Structures are given as structure tokens and as C-alpha cells.
Amino acid sequence: MQTRLLINGKLVAGEGKVEEVLNPSTGKVLAKVPEASRAQIDAAVKAADAAFDGWAGRRQGSRDAAAQLADRIEATARRSPGSSP
């Protein structure tokens with residue numbers, strides 16, 4: 001299970017409090033995930049704000065292609081061994 005944060009195009013480990021992710025049917029811990037720190041949240045918001053104009057200025061077709069790629073990546077991850085449904 002991927003537990004890092006995507007901030008400004010880079011995957012980084014969270015620097016905040018560690019949260020346990022539980023399996024709802026068994027109550028067992030599936031993963032321990034560090035949350036984002038305040039500084040990481042600020043950096044993510046700043047990066048998203050900086051990227052907005054470029055993204056919003058793209059033609060609809062290129063945004064659709066990016067969304068379709070994201071859908072395929074998520075579908076592949078769900079089929080991967082060890083991934084949760």
C-alpha cells in the first residue's frame with residue numbers, strides 16, 4: 001500500500017502524526033500512515049495554486065486524457081496483488 005504524499009510532483013513521507021488504517025471487517029491494522037505536517041499542507045496548497053493556471057488553460061481534450069490515465073492507474077492498482085478492493 002502506497003502511503004506517501006504527492007506534493008509538487010514528488011512522493012514524500014508525511015511528517016505529522018501517525019494514523020492507523022484499520023480493516024473495517026476485522027479491526028486489524030492494515031497500515032500506519034504518517035499524516036501531512038502543517039508545512040507539507042502549506043507546500044501542497046502552494047503547489048496546487050501555482051499549477052492551477054496551467055491546468056485550467058489546457059484544452060478539454062488534454063484534461064480528459066489525464067483523467068482517463070488516472071482512472072487506468074487506479075484500476076490497475078485495485079487488481080494488483082496485495083491491494084485492497
# chains A, B, ... in the order shown; residues from 1 in each chain; ligands from 1
$ residues_around --residues "Glu19 (chain A)" --least-positions-apart "2" --cutoff "12 Å" --atoms "only C-alpha atoms" --output "short mmCIF file (atom, residue, chain, number, x, y, z; two decimals) with all heavy atoms, in the first residue's frame"
data_model
loop_
_atom_site.label_atom_id
_atom_site.label_comp_id
_atom_site.auth_asym_id
_atom_site.auth_seq_id
_atom_site.Cartn_x
_atom_site.Cartn_y
_atom_site.Cartn_z
N THR A 3 1.79 4.84 0.81
CA THR A 3 1.35 5.71 1.91
C THR A 3 1.99 7.10 1.86
O THR A 3 1.79 7.89 2.77
CB THR A 3 1.67 5.07 3.27
OG1 THR A 3 3.08 4.87 3.38
CG2 THR A 3 0.93 3.74 3.43
N GLY A 14 4.88 11.53 5.01
CA GLY A 14 4.25 12.51 5.89
C GLY A 14 5.12 12.75 7.11
O GLY A 14 5.81 11.85 7.58
N GLU A 15 5.08 13.97 7.61
CA GLU A 15 5.89 14.35 8.77
C GLU A 15 5.04 14.58 10.01
O GLU A 15 5.54 15.01 11.03
CB GLU A 15 6.68 15.62 8.43
CG GLU A 15 7.65 15.43 7.29
CD GLU A 15 8.28 16.73 6.81
OE1 GLU A 15 7.80 17.83 7.20
OE2 GLU A 15 9.24 16.64 6.04
N GLY A 16 3.73 14.29 9.91
CA GLY A 16 2.83 14.53 11.03
C GLY A 16 2.57 13.28 11.84
O GLY A 16 3.28 12.28 11.76
N LYS A 17 1.52 13.36 12.62
CA LYS A 17 1.09 12.26 13.49
C LYS A 17 0.80 11.00 12.66
O LYS A 17 0.26 11.07 11.57
CB LYS A 17 -0.18 12.72 14.21
CG LYS A 17 -0.81 11.71 15.11
CD LYS A 17 -2.06 12.30 15.75
CE LYS A 17 -2.99 11.18 16.14
NZ LYS A 17 -4.31 11.66 16.50
N VAL A 21 -4.56 2.73 9.83
CA VAL A 21 -5.65 2.42 8.90
C VAL A 21 -6.12 1.02 9.24
O VAL A 21 -5.34 0.07 9.21
CB VAL A 21 -5.18 2.49 7.43
CG1 VAL A 21 -6.31 2.14 6.48
CG2 VAL A 21 -4.61 3.87 7.12
N LEU A 22 -7.40 0.89 9.59
CA LEU A 22 -7.94 -0.39 10.04
C LEU A 22 -8.76 -1.08 8.96
O LEU A 22 -9.42 -0.42 8.16
CB LEU A 22 -8.82 -0.17 11.27
CG LEU A 22 -8.18 0.53 12.46
CD1 LEU A 22 -9.20 0.74 13.56
CD2 LEU A 22 -6.98 -0.24 12.96
N VAL A 29 -5.00 -3.68 12.07
CA VAL A 29 -4.27 -2.59 11.44
C VAL A 29 -3.75 -3.05 10.08
O VAL A 29 -3.05 -4.06 9.98
CB VAL A 29 -3.10 -2.11 12.33
CG1 VAL A 29 -2.27 -1.06 11.62
CG2 VAL A 29 -3.62 -1.59 13.65
N LEU A 30 -4.11 -2.29 9.03
CA LEU A 30 -3.61 -2.58 7.68
C LEU A 30 -2.32 -1.82 7.42
O LEU A 30 -1.43 -2.32 6.73
CB LEU A 30 -4.64 -2.16 6.63
CG LEU A 30 -5.94 -2.94 6.58
CD1 LEU A 30 -6.89 -2.30 5.58
CD2 LEU A 30 -5.67 -4.39 6.20
N ALA A 31 -2.25 -0.60 7.92
CA ALA A 31 -1.08 0.24 7.68
C ALA A 31 -1.02 1.33 8.73
O ALA A 31 -2.03 1.67 9.34
CB ALA A 31 -1.16 0.85 6.29
N LYS A 32 0.16 1.86 8.91
CA LYS A 32 0.36 3.03 9.75
C LYS A 32 0.85 4.13 8.81
O LYS A 32 1.88 3.98 8.15
CB LYS A 32 1.37 2.75 10.86
CG LYS A 32 0.84 1.73 11.85
CD LYS A 32 1.80 1.51 12.98
CE LYS A 32 1.19 0.49 13.96
NZ LYS A 32 2.03 0.29 15.12
N VAL A 33 0.08 5.21 8.74
CA VAL A 33 0.32 6.26 7.75
C VAL A 33 0.59 7.59 8.44
O VAL A 33 -0.27 8.09 9.17
CB VAL A 33 -0.88 6.40 6.80
CG1 VAL A 33 -0.62 7.46 5.74
CG2 VAL A 33 -1.23 5.06 6.17
N PRO A 34 1.76 8.17 8.21
CA PRO A 34 2.02 9.49 8.78
C PRO A 34 1.23 10.56 8.02
O PRO A 34 1.23 10.58 6.80
CB PRO A 34 3.52 9.70 8.60
CG PRO A 34 4.03 8.57 7.80
CD PRO A 34 2.93 7.61 7.55
N GLU A 35 0.54 11.41 8.76
CA GLU A 35 -0.21 12.50 8.15
C GLU A 35 0.74 13.58 7.67
O GLU A 35 1.91 13.61 8.04
CB GLU A 35 -1.18 13.10 9.18
CG GLU A 35 -2.27 12.18 9.61
CD GLU A 35 -3.22 12.85 10.59
OE1 GLU A 35 -2.86 13.89 11.19
OE2 GLU A 35 -4.33 12.33 10.75
N ALA A 36 0.22 14.49 6.88
CA ALA A 36 1.00 15.64 6.45
C ALA A 36 1.18 16.60 7.61
O ALA A 36 0.28 16.76 8.44
CB ALA A 36 0.28 16.36 5.30
#
$ select_by_dssp --residues "chain A" --states "alpha helix (DSSP H)" --output "ChimeraX atom specification"
/A:38-56,60-79
$ select_by_dssp --residues "chain A" --states "strand (DSSP E or B)" --output "PDB file with C-alpha atoms, in the first residue's frame"
ATOM      1  CA  LEU A   5       2.048  12.111  -0.112  1.00  0.00           C
ATOM      2  CA  LEU A   6       2.212  13.633  -3.589  1.00  0.00           C
ATOM      3  CA  ILE A   7       3.388  17.218  -3.129  1.00  0.00           C
ATOM      4  CA  LYS A  10       7.135  14.331  -5.630  1.00  0.00           C
ATOM      5  CA  LEU A  11       6.172  11.458  -3.335  1.00  0.00           C
ATOM      6  CA  VAL A  12       7.224  12.256   0.219  1.00  0.00           C
ATOM      7  CA  VAL A  18       0.921   8.578  12.521  1.00  0.00           C
ATOM      8  CA  GLU A  19      -2.595   7.255  11.937  1.00  0.00           C
ATOM      9  CA  GLU A  20      -3.557   3.587  11.855  1.00  0.00           C
ATOM     10  CA  VAL A  21      -5.649   2.424   8.900  1.00  0.00           C
ATOM     11  CA  LEU A  22      -7.938  -0.387  10.040  1.00  0.00           C
ATOM     12  CA  VAL A  29      -4.271  -2.587  11.441  1.00  0.00           C
ATOM     13  CA  LEU A  30      -3.612  -2.582   7.682  1.00  0.00           C
ATOM     14  CA  ALA A  31      -1.082   0.238   7.681  1.00  0.00           C
ATOM     15  CA  LYS A  32       0.364   3.033   9.748  1.00  0.00           C
ATOM     16  CA  VAL A  33       0.325   6.260   7.749  1.00  0.00           C
ATOM     17  CA  PRO A  34       2.021   9.488   8.776  1.00  0.00           C
TER      18      PRO A  34
END
$ atom_distance --atom1 "CA of Ala13 (chain A)" --atom2 "CA of Asp71 (chain A)"
23.7 Å
$ atom_distance --atom1 "CA of Pro24 (chain A)" --atom2 "CA of Ala44 (chain A)"
29.4 Å
$ atom_distance --atom1 "CA of Ala48 (chain A)" --atom2 "CA of Ala65 (chain A)"
19.3 Å
$ decode --residues "region 2-26 of chain A" --atoms "N, CA and C atoms" --output "short mmCIF file (atom, residue, chain, number, x, y, z; two decimals), in the first residue's frame"
data_model
loop_
_atom_site.label_atom_id
_atom_site.label_comp_id
_atom_site.auth_asym_id
_atom_site.auth_seq_id
_atom_site.Cartn_x
_atom_site.Cartn_y
_atom_site.Cartn_z
N GLN A 2 0.69 2.11 -0.96
CA GLN A 2 1.44 3.35 -1.07
C GLN A 2 0.92 4.31 -0.01
N THR A 3 1.79 4.84 0.81
CA THR A 3 1.35 5.71 1.91
C THR A 3 1.99 7.10 1.86
N ARG A 4 2.78 7.36 0.83
CA ARG A 4 3.44 8.67 0.76
C ARG A 4 2.48 9.71 0.18
N LEU A 5 2.84 10.97 0.35
CA LEU A 5 2.05 12.11 -0.11
C LEU A 5 2.63 12.62 -1.43
N LEU A 6 1.76 13.03 -2.35
CA LEU A 6 2.21 13.63 -3.59
C LEU A 6 2.13 15.15 -3.41
N ILE A 7 3.31 15.76 -3.32
CA ILE A 7 3.39 17.22 -3.13
C ILE A 7 4.32 17.78 -4.19
N ASN A 8 3.77 18.64 -5.03
CA ASN A 8 4.54 19.29 -6.08
C ASN A 8 5.25 18.28 -6.97
N GLY A 9 4.54 17.21 -7.31
CA GLY A 9 5.08 16.21 -8.23
C GLY A 9 6.03 15.21 -7.61
N LYS A 10 6.21 15.26 -6.30
CA LYS A 10 7.13 14.33 -5.63
C LYS A 10 6.40 13.56 -4.55
N LEU A 11 6.72 12.26 -4.42
CA LEU A 11 6.17 11.46 -3.34
C LEU A 11 7.06 11.62 -2.11
N VAL A 12 6.46 12.03 -1.01
CA VAL A 12 7.22 12.26 0.22
C VAL A 12 6.50 11.61 1.39
N ALA A 13 7.25 11.24 2.41
CA ALA A 13 6.65 10.69 3.62
C ALA A 13 6.02 11.81 4.43
N GLY A 14 4.88 11.53 5.01
CA GLY A 14 4.25 12.51 5.89
C GLY A 14 5.12 12.75 7.11
N GLU A 15 5.08 13.97 7.61
CA GLU A 15 5.89 14.35 8.77
C GLU A 15 5.04 14.58 10.01
N GLY A 16 3.73 14.29 9.91
CA GLY A 16 2.83 14.53 11.03
C GLY A 16 2.57 13.28 11.84
N LYS A 17 1.52 13.36 12.62
CA LYS A 17 1.09 12.26 13.49
C LYS A 17 0.80 11.00 12.66
N VAL A 18 1.15 9.85 13.20
CA VAL A 18 0.92 8.58 12.52
C VAL A 18 -0.49 8.08 12.85
N GLU A 19 -1.24 7.78 11.80
CA GLU A 19 -2.60 7.26 11.94
C GLU A 19 -2.61 5.78 11.53
N GLU A 20 -3.38 4.99 12.23
CA GLU A 20 -3.56 3.59 11.86
C GLU A 20 -4.76 3.46 10.92
N VAL A 21 -4.56 2.73 9.83
CA VAL A 21 -5.65 2.42 8.90
C VAL A 21 -6.12 1.02 9.24
N LEU A 22 -7.40 0.89 9.59
CA LEU A 22 -7.94 -0.39 10.04
C LEU A 22 -8.76 -1.08 8.96
N ASN A 23 -8.73 -2.40 8.99
CA ASN A 23 -9.63 -3.19 8.16
C ASN A 23 -10.98 -3.15 8.86
N PRO A 24 -12.02 -2.60 8.22
CA PRO A 24 -13.30 -2.45 8.92
C PRO A 24 -13.97 -3.77 9.28
N SER A 25 -13.64 -4.85 8.57
CA SER A 25 -14.30 -6.11 8.89
C SER A 25 -13.63 -6.86 10.03
N THR A 26 -12.34 -6.59 10.26
CA THR A 26 -11.63 -7.31 11.32
C THR A 26 -11.12 -6.41 12.44
#
